[in-house]
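Novice: Handing you a structure now.
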Amino acid sequence: MGFTKEQLLARLKELGIKFEQYDHPAVLTVEAQAKYVGDKGGGLSKNLFLKDKKSRFYIVSALADTKVDLKVLSQRLGLGKGGIRMAPEEALGQLLQVPLGCVTPFALINESARYVSLLLDKEFKTQPHCFFHPLSNETSISVQASDLDKFLKSIGREPSYVDLEANPPVGKDQPPDLAILVPSGTIDIPDAPENSTSSQAVSEKSIPVQKKCTPASVKSAKPSSADPNAKDKPNNAAPQPNAFVESRLFVDEILKKTTELLLSEISTLTEDVAKQEALAKSVRKHLAPDLQNLTVMFKNTAYTQGFYAGSNCQPKRL
């Protein structure tokens, strides 16, 4: 069980860290958060939870206006152009102990996040204070960069501030400048069930949060829908997710049709059923993350547009 907001705030008080607390309705974006704390001075933060190909995890915490290019960041870490991507939702629950949309440097207080690397925007130090969610998007706290450092050192972390907009050359004579920040240990997150591929929002600035930030657990596999006694069960059971609403089910449907087509083609080349199934599983494993990222981007874009449309378009009064 991860730390709660109340436990985190109590710890900050124990450390003598001064902060201002602002409770507000659950916010969907940094712009929405600004409606409640934007007039308090200081800088708002956006936070990304990332994973590389060797299952090493990173939190990138930056000012809302800082541009973070993942391809450039990946090269600066020595991971190549495409060596880093958004971490899956299962990792959010298992490592940071928070659900989608609640990534924050303060999540490193959880022991499960001990091997997660943290990159802080050097621009934080130019602000009188910065705003972060303390494990809940119904609260914002403002802290000085020096007090954030104090918190990190109290949990055994040495703060690392980085110019996230820099793009230094990387080559034979110019090694990656951020390679030292790559975690030394990998973290094994079990693969999600094939019909439950994990996902993560791209950034708190552009993607709305769909639920409150209460401690989350790893999602379990969807139970089989094949139930011969289903007709005898009452009709008041919770409705099943719709494949066009739940992106994971949508991706699963695409993969199902893709692998069925693939199997029909390779069956003429080999009659070894085990080889056919192994190939189909490999296709699903390699395609699922990219398809999931695409569908989540489309889905969140629709949410964002709907949110702004609802906020800006008021019905005419009769």
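Chain labels follow the order of the structure tokens: the first chain is A, the next B, and so on; residue numbering restarts at 1 in every chain, and ligands are counted from 1 in their shown order.
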Quick one: DSSP strand (DSSP E or B) residues in stretch 54-199 of chain A, as a list in words?
Specialist: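 Reading the DSSP output for stretch 54-199 of chain A, strand (DSSP E or B) covers Phe57, Tyr58, Ile59, Val60, Ser61, Ala62, Leu63, Ile84, Arg85, Met86, Ser117, Leu118, Leu119, Leu120, Asp121, Cys130, Phe131, Phe132, Thr139, Ser140, Ile141, Ser142, Val143, Tyr161 and Val162 of chain A.
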Novice: For stretch 11-15 of chain A, list every protein, DNA or RNA residue within 12 Å, evaluated using only C-alpha atoms, and leave out those in the same chain fewer than 6 positions away; present the list as a list in words.
Specialist: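 Counting only the stated atoms, we get Phe3, Thr4, Lys5, Gln21, Phe106, Ile109, Pro134, Ile141, Ser142, Val143, Asp147, Leu148, Asp149, Lys150, Phe151, Leu152, Lys153, Ser154 and Ile155 of chain A.
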Novice: Could you pull the residues within 12 Å of A:Ile180, counting only C-alpha atoms, minus those fewer than 2 positions along the same chain, as number ranges by chain?
Specialist: A: 76-79, 117-119, 160, 162, 175-178, 182-184
Novice: Can you pull out the residues contacting A:Pro25? Cut-off 8 Å, using only C-alpha atoms, and skip same-chain residues under 6 positions away; I want them as a ChimeraX atom specification.
Specialist: /A:137-139
Novice: What is the distance between atom CA of A:Thr126 and atom CA of A:Thr104, in Å to one decimal?
Specialist: 19.3 Å
Novice: Just how far from atom CA of A:Arg284 is atom CA of A:Tyr115, in Å to one decimal?
Specialist: 28.3 Å
Novice: Please build the interface table for stretch 115-182 of chain A against stretch 81-100 of chain A with a cut-off of 9 Å, listing for each qualifying residue the nearest atom pair and the distance in Å to one decimal; count only C-alpha atoms, order rows by chain and increasing number, and write it as a tab-separated table.
Specialist:
residue	atom	partner	partner_atom	distance
A:Tyr115	CA	A:Leu95	CA	8.9
A:Val116	CA	A:Leu95	CA	8.1
A:Leu135	CA	A:Val98	CA	6.9
A:Ser136	CA	A:Val98	CA	8.7
Novice: Could you tell me how far atom CA of A:Tyr22 sits from atom CA of A:Phe49, in Å to one decimal place?
Specialist: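 About the pair atom CA of A:Phe49 and atom CA of A:Tyr22: they are 24.2 Å apart.
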Novice: Using only C-alpha atoms, pick whichever of A:Leu63, A:Ala26, A:Ala34, A:Val103 has the shortest atom-to-atom distance to A:Leu48.
Specialist: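 Closest to A:Leu48 of all the choices is A:Val103.
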